[in-house]
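S.K.: Here you go, one structure.
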Amino acid sequence: MSSRSDVSQVAIAIGALLVAMVSYQCGASLAKHLFPQVGAQGATAYRLGISALILLAWRRPWRRLRAGQDWRGLWAYGLSMGAMNLVFYMSLRTIPLGLAVALEFTGPLALAMFSSRRLLDFVWIGLVVAGLALLLPLRGQAHALDPVGVMYALAAGLGWALYIITGQRAGAAHGGDAVTWGTSVGALLAIPFGVAHAGTALLSPSLLPYAVGVALLSSALPYSLEMVALTRLPARTFSTLLSLEPAIAALAGVMLLSEHLSALQWLAIGAIIVAAAGTALSVRRPIGVEAVP
């Protein structure tokens with residue numbers, strides 16, 4: 001692959017990931033408005049269930065089934081996606097969006113640290129750590145954080161790391177259909193929780209437009225775009241680029257949920273953006289799926 005082609009593939013992957021992150025946070029903001037009616041569990045069921053129907057109708061992946069495909073990897077990808085979404089929405093019940101995503105980001109951050117080999121990688125990771133330290137209310141406001149919500153957000157971080165690892169393997173085996181099958185598996189996990197919590201409220205016609213919006217913005221579009229990035233970037237690069245997610249979430253919280261940021265938290269956003277940009281500019285290895293140790 002030529003150098004110009006490498007640069008083009010990196011640019012496509014990074015662009016797809018940026019759009020996916022913005023879409024994801026807009027969808028999360030919209031989903032939070034559904035919590036009073038159907039709860040976090042119901043919003044997760046909406047998100048993954050409707051997304052699965054949309055993707056199945058659009059992709060019709062059963063037409064490309066073939067013998068010998070890696071179905072265990074696909075189930076791992078789907079289950080990690082479903083669990084990650086469920087516990088993340090559970091954290092949003094009591095924690096602001098920007099802070100929940102910052103806590104959740106500990107998963108991709110740990111993955112980036114464990115798979116780093118160069119000194120420059122640790123420079124960018126150090127900036128991310130400094131940014132998260134400023135973004136999180138570690139000082140006088142720490143007592144205001146709900147400990148259960150914090151645990152849910154950290155569990156979502158573990159799910160996010162597993163999603164990255166299993167997503168690369170599922171994408172290598174199933175290509176673009178991995179998102180469709182994975183979302184369907186995730187829906188199988190999330191829907192029983194939603195039905196158990198919200199019951200027939202999930203069938204309310206007045207909620208359907210919001211549910212479709214959440215499904216499109218939070219799953220169908222961003223997961224499809226993330227698969228483009230997952231199959232074109234090394235796991236280390238993908239994980240560290242996701243450092244933009246807390247910044248985007250904080251901005252979405254300000255604009256869509258009337259959440260406020262301090263000067264230190266704005267400084268944290270700047271540090272995280274610099275780290276993500278530095279990671280993107282330092283990609284030098286050939287594009288392809290990188291096995292995660």
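Identifiers in this document derive from the order of the structure tokens: chains are assigned A, B, ..., residues are numbered from 1 separately in each chain, and ligands are numbered from 1 in order of occurrence.
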Quick one: everything within 12 Å of A:Thr180, counting only C-alpha atoms, minus sequence neighbours fewer than 6 positions away in the same chain. Send it as a short mmCIF file (atom, residue, chain, number, x, y, z; two decimals) with all heavy atoms, in the first residue's frame.

M.R.:
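The file below, selection.cif, is the result:
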data_model
loop_
_atom_site.label_atom_id
_atom_site.label_comp_id
_atom_site.auth_asym_id
_atom_site.auth_seq_id
_atom_site.Cartn_x
_atom_site.Cartn_y
_atom_site.Cartn_z
N LEU A 48 -30.94 -0.27 21.11
CA LEU A 48 -30.38 -1.43 20.43
C LEU A 48 -31.43 -2.19 19.62
O LEU A 48 -31.14 -2.69 18.53
CB LEU A 48 -29.71 -2.35 21.44
CG LEU A 48 -28.45 -1.79 22.10
CD1 LEU A 48 -27.92 -2.75 23.15
CD2 LEU A 48 -27.37 -1.52 21.06
N GLY A 49 -32.65 -2.28 20.14
CA GLY A 49 -33.70 -3.02 19.43
C GLY A 49 -34.07 -2.37 18.10
O GLY A 49 -34.10 -3.05 17.06
N ILE A 50 -34.33 -1.07 18.11
CA ILE A 50 -34.69 -0.39 16.86
C ILE A 50 -33.50 -0.30 15.93
O ILE A 50 -33.64 -0.44 14.71
CB ILE A 50 -35.27 1.01 17.18
CG1 ILE A 50 -36.58 0.87 17.96
CG2 ILE A 50 -35.51 1.80 15.89
CD1 ILE A 50 -37.18 2.17 18.40
N SER A 51 -32.30 -0.10 16.49
CA SER A 51 -31.10 -0.08 15.66
C SER A 51 -30.92 -1.40 14.92
O SER A 51 -30.58 -1.43 13.74
CB SER A 51 -29.87 0.20 16.51
OG SER A 51 -29.89 1.49 17.05
N ALA A 52 -31.15 -2.50 15.63
CA ALA A 52 -31.01 -3.82 15.01
C ALA A 52 -32.00 -3.98 13.86
O ALA A 52 -31.63 -4.48 12.79
CB ALA A 52 -31.21 -4.91 16.06
N LEU A 53 -33.24 -3.55 14.06
CA LEU A 53 -34.24 -3.66 12.99
C LEU A 53 -33.85 -2.82 11.78
O LEU A 53 -33.98 -3.27 10.63
CB LEU A 53 -35.61 -3.22 13.52
CG LEU A 53 -36.25 -4.13 14.58
CD1 LEU A 53 -37.55 -3.52 15.08
CD2 LEU A 53 -36.49 -5.53 14.01
N ILE A 54 -33.36 -1.60 12.04
CA ILE A 54 -32.95 -0.72 10.93
C ILE A 54 -31.80 -1.35 10.15
O ILE A 54 -31.81 -1.41 8.92
CB ILE A 54 -32.55 0.66 11.47
CG1 ILE A 54 -33.77 1.39 12.04
CG2 ILE A 54 -31.89 1.50 10.37
CD1 ILE A 54 -33.44 2.67 12.77
N LEU A 55 -30.79 -1.83 10.88
CA LEU A 55 -29.61 -2.39 10.22
C LEU A 55 -29.93 -3.70 9.49
O LEU A 55 -29.41 -3.96 8.40
CB LEU A 55 -28.50 -2.61 11.24
CG LEU A 55 -27.87 -1.33 11.80
CD1 LEU A 55 -26.96 -1.66 12.98
CD2 LEU A 55 -27.08 -0.60 10.71
N LEU A 56 -30.78 -4.53 10.08
CA LEU A 56 -31.16 -5.78 9.42
C LEU A 56 -31.91 -5.51 8.13
O LEU A 56 -31.69 -6.17 7.11
CB LEU A 56 -32.01 -6.64 10.36
CG LEU A 56 -31.26 -7.33 11.51
CD1 LEU A 56 -32.24 -7.90 12.52
CD2 LEU A 56 -30.34 -8.42 10.98
N ALA A 57 -32.83 -4.52 8.16
CA ALA A 57 -33.59 -4.19 6.95
C ALA A 57 -32.71 -3.58 5.88
O ALA A 57 -32.91 -3.81 4.67
CB ALA A 57 -34.72 -3.22 7.31
N TRP A 58 -31.70 -2.82 6.30
CA TRP A 58 -30.82 -2.13 5.35
C TRP A 58 -29.76 -3.06 4.78
O TRP A 58 -29.57 -3.17 3.56
CB TRP A 58 -30.16 -0.93 6.03
CG TRP A 58 -29.10 -0.25 5.21
CD1 TRP A 58 -29.13 0.01 3.87
CD2 TRP A 58 -27.85 0.25 5.70
NE1 TRP A 58 -27.97 0.64 3.48
CE2 TRP A 58 -27.16 0.80 4.57
CE3 TRP A 58 -27.24 0.29 6.94
CZ2 TRP A 58 -25.91 1.38 4.69
CZ3 TRP A 58 -26.00 0.88 7.05
CH2 TRP A 58 -25.34 1.42 5.94
N ARG A 59 -29.08 -3.80 5.66
CA ARG A 59 -27.93 -4.61 5.23
C ARG A 59 -28.32 -6.00 4.72
O ARG A 59 -27.63 -6.55 3.88
CB ARG A 59 -26.95 -4.76 6.39
CG ARG A 59 -26.35 -3.47 6.91
CD ARG A 59 -25.21 -2.99 6.08
NE ARG A 59 -24.18 -4.00 5.87
CZ ARG A 59 -23.06 -3.79 5.20
NH1 ARG A 59 -22.83 -2.60 4.67
NH2 ARG A 59 -22.17 -4.75 5.05
N ARG A 60 -29.39 -6.59 5.30
CA ARG A 60 -29.79 -7.96 4.98
C ARG A 60 -28.57 -8.90 4.98
O ARG A 60 -28.22 -9.51 3.96
CB ARG A 60 -30.51 -8.01 3.63
CG ARG A 60 -31.89 -7.37 3.69
CD ARG A 60 -32.60 -7.44 2.37
NE ARG A 60 -32.09 -6.45 1.44
CZ ARG A 60 -32.55 -6.28 0.20
NH1 ARG A 60 -33.51 -7.06 -0.26
NH2 ARG A 60 -32.03 -5.35 -0.57
N PRO A 61 -27.93 -9.01 6.13
CA PRO A 61 -26.63 -9.72 6.19
C PRO A 61 -26.73 -11.21 5.95
O PRO A 61 -25.72 -11.85 5.65
CB PRO A 61 -26.14 -9.41 7.61
CG PRO A 61 -27.40 -9.20 8.39
CD PRO A 61 -28.34 -8.49 7.45
N TRP A 62 -27.93 -11.80 6.09
CA TRP A 62 -28.05 -13.24 5.89
C TRP A 62 -27.72 -13.65 4.45
O TRP A 62 -27.42 -14.81 4.19
CB TRP A 62 -29.48 -13.67 6.24
CG TRP A 62 -30.54 -12.89 5.53
CD1 TRP A 62 -31.04 -13.12 4.28
CD2 TRP A 62 -31.21 -11.73 6.04
NE1 TRP A 62 -31.99 -12.18 3.97
CE2 TRP A 62 -32.13 -11.32 5.04
CE3 TRP A 62 -31.15 -11.02 7.24
CZ2 TRP A 62 -32.96 -10.21 5.20
CZ3 TRP A 62 -31.98 -9.92 7.40
CH2 TRP A 62 -32.86 -9.52 6.39
N LEU A 74 -18.15 -12.89 17.15
CA LEU A 74 -19.27 -11.99 16.91
C LEU A 74 -20.18 -11.90 18.13
O LEU A 74 -20.65 -10.82 18.50
CB LEU A 74 -20.06 -12.48 15.69
CG LEU A 74 -21.15 -11.54 15.19
CD1 LEU A 74 -20.56 -10.23 14.71
CD2 LEU A 74 -21.93 -12.21 14.07
N TRP A 75 -20.44 -13.04 18.78
CA TRP A 75 -21.26 -13.02 19.99
C TRP A 75 -20.57 -12.24 21.10
O TRP A 75 -21.22 -11.51 21.85
CB TRP A 75 -21.57 -14.46 20.44
CG TRP A 75 -22.77 -15.02 19.76
CD1 TRP A 75 -22.80 -15.73 18.60
CD2 TRP A 75 -24.12 -14.91 20.21
NE1 TRP A 75 -24.10 -16.06 18.28
CE2 TRP A 75 -24.93 -15.59 19.26
CE3 TRP A 75 -24.73 -14.33 21.31
CZ2 TRP A 75 -26.32 -15.67 19.38
CZ3 TRP A 75 -26.12 -14.43 21.44
CH2 TRP A 75 -26.89 -15.08 20.49
N TYR A 77 -18.53 -9.74 20.68
CA TYR A 77 -18.68 -8.34 20.29
C TYR A 77 -20.08 -7.82 20.62
O TYR A 77 -20.24 -6.75 21.21
CB TYR A 77 -18.39 -8.23 18.79
CG TYR A 77 -18.74 -6.92 18.14
CD1 TYR A 77 -18.17 -5.72 18.55
CD2 TYR A 77 -19.64 -6.89 17.07
CE1 TYR A 77 -18.49 -4.53 17.93
CE2 TYR A 77 -19.96 -5.70 16.44
CZ TYR A 77 -19.39 -4.52 16.87
OH TYR A 77 -19.71 -3.35 16.25
N GLY A 78 -21.10 -8.57 20.27
CA GLY A 78 -22.47 -8.13 20.52
C GLY A 78 -22.81 -8.04 21.99
O GLY A 78 -23.45 -7.09 22.44
N MET A 81 -21.14 -5.06 23.50
CA MET A 81 -21.87 -3.86 23.09
C MET A 81 -23.14 -3.68 23.93
O MET A 81 -23.43 -2.59 24.43
CB MET A 81 -22.24 -3.96 21.61
CG MET A 81 -23.02 -2.77 21.09
SD MET A 81 -23.76 -3.07 19.45
CE MET A 81 -22.32 -3.33 18.44
N GLY A 167 -14.52 -6.01 18.64
CA GLY A 167 -14.99 -5.37 17.41
C GLY A 167 -14.01 -5.52 16.27
O GLY A 167 -14.41 -5.73 15.11
N ALA A 170 -14.34 -9.17 15.13
CA ALA A 170 -15.61 -9.41 14.44
C ALA A 170 -15.61 -8.72 13.08
O ALA A 170 -16.11 -9.27 12.09
CB ALA A 170 -16.77 -8.89 15.29
N GLY A 171 -15.05 -7.51 13.01
CA GLY A 171 -14.98 -6.80 11.75
C GLY A 171 -14.11 -7.51 10.73
O GLY A 171 -14.42 -7.54 9.53
N HIS A 174 -16.36 -10.57 9.61
CA HIS A 174 -17.68 -10.35 9.03
C HIS A 174 -17.80 -9.03 8.26
O HIS A 174 -18.86 -8.74 7.70
CB HIS A 174 -18.76 -10.38 10.12
CG HIS A 174 -18.88 -11.70 10.80
ND1 HIS A 174 -19.77 -12.67 10.39
CD2 HIS A 174 -18.21 -12.24 11.87
CE1 HIS A 174 -19.66 -13.73 11.18
NE2 HIS A 174 -18.72 -13.50 12.08
N GLY A 186 -26.61 -7.61 20.87
CA GLY A 186 -26.74 -6.67 21.98
C GLY A 186 -28.19 -6.41 22.34
O GLY A 186 -28.54 -6.27 23.53
N ALA A 187 -29.05 -6.34 21.32
CA ALA A 187 -30.48 -6.13 21.57
C ALA A 187 -31.09 -7.30 22.33
O ALA A 187 -31.95 -7.11 23.22
CB ALA A 187 -31.21 -5.93 20.24
N SER A 219 -26.63 4.36 17.90
CA SER A 219 -26.16 3.02 17.55
C SER A 219 -25.98 2.81 16.05
O SER A 219 -24.88 2.55 15.59
CB SER A 219 -27.13 1.97 18.11
OG SER A 219 -27.05 1.91 19.51
N ALA A 220 -27.07 2.91 15.28
CA ALA A 220 -27.01 2.54 13.86
C ALA A 220 -25.92 3.32 13.13
O ALA A 220 -25.09 2.73 12.42
CB ALA A 220 -28.37 2.76 13.21
N LEU A 221 -25.91 4.64 13.28
CA LEU A 221 -24.91 5.46 12.57
C LEU A 221 -23.52 5.36 13.20
O LEU A 221 -22.55 5.02 12.50
CB LEU A 221 -25.38 6.92 12.53
CG LEU A 221 -24.40 7.91 11.90
CD1 LEU A 221 -24.10 7.54 10.45
CD2 LEU A 221 -24.95 9.34 11.99
N TYR A 223 -22.04 3.16 15.29
CA TYR A 223 -21.40 1.85 15.27
C TYR A 223 -20.96 1.47 13.86
O TYR A 223 -19.92 0.82 13.68
CB TYR A 223 -22.32 0.78 15.85
CG TYR A 223 -22.47 0.86 17.35
CD1 TYR A 223 -23.60 0.40 18.00
CD2 TYR A 223 -21.46 1.41 18.13
CE1 TYR A 223 -23.73 0.47 19.37
CE2 TYR A 223 -21.58 1.50 19.50
CZ TYR A 223 -22.72 1.02 20.12
OH TYR A 223 -22.84 1.10 21.48
N SER A 224 -21.74 1.85 12.86
CA SER A 224 -21.33 1.59 11.48
C SER A 224 -20.06 2.37 11.14
O SER A 224 -19.14 1.85 10.51
CB SER A 224 -22.46 1.96 10.51
OG SER A 224 -23.61 1.17 10.75
N MET A 227 -16.95 0.95 12.93
CA MET A 227 -16.40 -0.25 12.31
C MET A 227 -15.45 0.13 11.18
O MET A 227 -14.45 -0.55 10.93
CB MET A 227 -17.52 -1.16 11.81
CG MET A 227 -17.02 -2.50 11.27
SD MET A 227 -16.02 -3.43 12.47
CE MET A 227 -17.24 -3.83 13.71
#

S.K.: Could you give me, as a VMD selection string, each residue of stretch 68-278 of chain A that DSSP assigns to alpha helix (DSSP H) when run on this structure's backbone?

M.R.: chain A and resid 71 to 92 97 to 104 106 to 114 119 to 135 147 to 174 177 to 198 208 to 215 221 to 230 235 to 241 244 to 257 263 to 278

S.K.: So, with only C-alpha atoms as the atoms that count, which of A:Ala161, A:Met113, A:Val38, A:Ala172 lies closest to A:Gly194?

M.R.: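 The closest residue to A:Gly194 is A:Val38.
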
S.K.: Atom CA of A:Val128 and atom CA of A:Val228, how far apart in Å?

M.R.: 23.9 Å

S.K.: What does the structure give for the distance between atom CA of A:Cys26 and atom CA of A:Val274, in Å to one decimal?

M.R.: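 A separation of 22.4 Å between them.
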
S.K.: In Å, how far is it from atom CA of A:Ala133 to atom CA of A:Ile14?

M.R.: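 Atom-to-atom, atom CA of A:Ala133 to atom CA of A:Ile14, that is 25.2 Å.
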
S.K.: Could you name the residues that touch A:Leu225 at 6 Å or less, counting only C-alpha atoms, but leaving out those on the same chain fewer than 3 positions away, as a list in words?

M.R.: Ala16, Ala20, Pro222 and Val228 of chain A

S.K.: Closest to A:Gln37 among A:Ile248, A:Leu257, A:Leu216, A:Leu208, using only C-alpha atoms?

M.R.: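 Going through A:Ile248, A:Leu257, A:Leu216, A:Leu208 one by one, the smallest distance to A:Gln37 is for A:Leu208.
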
S.K.: Pick from A:Ala249, A:Met255, A:Ala271, A:Ala76: nearest to A:Gln168, with only C-alpha atoms counted?

M.R.: A:Ala76

S.K.: Between A:Ala268, A:Ala13, A:Ala275, A:Leu34, which one has atoms that come closest to A:Ser206, using only C-alpha atoms?

M.R.: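 With only C-alpha atoms as the atom set, the closest residue is A:Leu34.
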
S.K.: Might you pull out every residue within 9 Å of A:Leu132, with only C-alpha atoms counted and same-chain residues fewer than 3 positions away left off, and present them as number ranges by chain?

M.R.: A: 102-103, 105, 127-129, 135-136, 246, 265, 268-269, 271-272

S.K.: Identify, on the basis of only C-alpha atoms, every residue whose closest approach to A:Leu256 does not exceed 8 Å; exclude the query and any residue fewer than 2 positions from it along the same chain; express the result as a PyMOL selection string.

M.R.: chain A and resi 26+29+252-254+258

S.K.: Smallest atom-to-atom distance to A:Thr44: which of A:Gly176, A:Pro192, A:Pro205, A:Gly15, using only C-alpha atoms?

M.R.: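 Comparing A:Gly176, A:Pro192, A:Pro205, A:Gly15 against A:Thr44, the winner is A:Pro192.
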
S.K.: Find the residue from A:Leu99, A:Ala130, A:Leu264, A:Ala215 that sits nearest to A:Thr183; use only C-alpha atoms when measuring.

M.R.: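 Smallest distance to A:Thr183 is found for A:Ala215.
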
S.K.: Might you pull out every residue within 9 Å of A:Gln41, with only C-alpha atoms counted and same-chain residues fewer than 5 positions away left off, and present them as a list in words?

M.R.: Phe35, Tyr46, Leu86, Val87, Tyr89, Met90, Ala190, Ile191, Pro192, Phe193, Gly194, Val195, Ala196, His197 and Ala198 of chain A

S.K.: Using only C-alpha atoms, tabulate the residues of stretch 124-203 of chain A lying at most 10 Å from any atom of stretch 109-112 of chain A, each with its closest atom pair and that distance in Å to one decimal, by chain and increasing residue number, as a tab-separated table.

M.R.:
residue	atom	partner	partner_atom	distance
A:Ile125	CA	A:Leu109	CA	7.5
A:Val128	CA	A:Leu109	CA	8.1
A:Val129	CA	A:Leu109	CA	8.4
A:Gly157	CA	A:Leu109	CA	9.0
A:Leu158	CA	A:Ala110	CA	9.2
A:Trp160	CA	A:Leu111	CA	9.7
A:Ala161	CA	A:Leu111	CA	6.4
A:Leu162	CA	A:Leu111	CA	9.2
A:Ile164	CA	A:Leu111	CA	8.9
A:Ile165	CA	A:Leu111	CA	9.0

S.K.: Store the residues of this selection in a file with N, CA and C atoms, as a JSON list (two decimals), in the first residue's frame.

M.R.:
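Result file part20.json:
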[["chain", "number", "residue", "atom", "x", "y", "z"],
["A", 125, "ILE", "N", -0.76, 9.81, 26.15],
["A", 125, "ILE", "CA", -1.56, 9.20, 27.21],
["A", 125, "ILE", "C", -1.46, 10.03, 28.50],
["A", 128, "VAL", "N", -3.82, 12.80, 28.28],
["A", 128, "VAL", "CA", -5.19, 12.33, 28.52],
["A", 128, "VAL", "C", -5.44, 12.18, 30.01],
["A", 129, "VAL", "N", -4.48, 11.58, 30.73],
["A", 129, "VAL", "CA", -4.63, 11.40, 32.18],
["A", 129, "VAL", "C", -4.76, 12.74, 32.88],
["A", 157, "GLY", "N", -16.76, 1.32, 31.14],
["A", 157, "GLY", "CA", -15.39, 1.43, 30.62],
["A", 157, "GLY", "C", -14.80, 0.07, 30.28],
["A", 158, "LEU", "N", -15.04, -0.91, 31.15],
["A", 158, "LEU", "CA", -14.58, -2.27, 30.87],
["A", 158, "LEU", "C", -15.25, -2.81, 29.61],
["A", 160, "TRP", "N", -16.38, -1.05, 27.18],
["A", 160, "TRP", "CA", -15.87, -0.30, 26.03],
["A", 160, "TRP", "C", -14.55, -0.90, 25.55],
["A", 161, "ALA", "N", -13.66, -1.26, 26.48],
["A", 161, "ALA", "CA", -12.39, -1.88, 26.09],
["A", 161, "ALA", "C", -12.64, -3.22, 25.40],
["A", 162, "LEU", "N", -13.56, -4.02, 25.94],
["A", 162, "LEU", "CA", -13.88, -5.29, 25.31],
["A", 162, "LEU", "C", -14.52, -5.09, 23.94],
["A", 164, "ILE", "N", -13.83, -2.71, 21.83],
["A", 164, "ILE", "CA", -12.76, -2.40, 20.88],
["A", 164, "ILE", "C", -12.04, -3.68, 20.45],
["A", 165, "ILE", "N", -11.69, -4.52, 21.43],
["A", 165, "ILE", "CA", -10.95, -5.75, 21.13],
["A", 165, "ILE", "C", -11.79, -6.69, 20.27]]
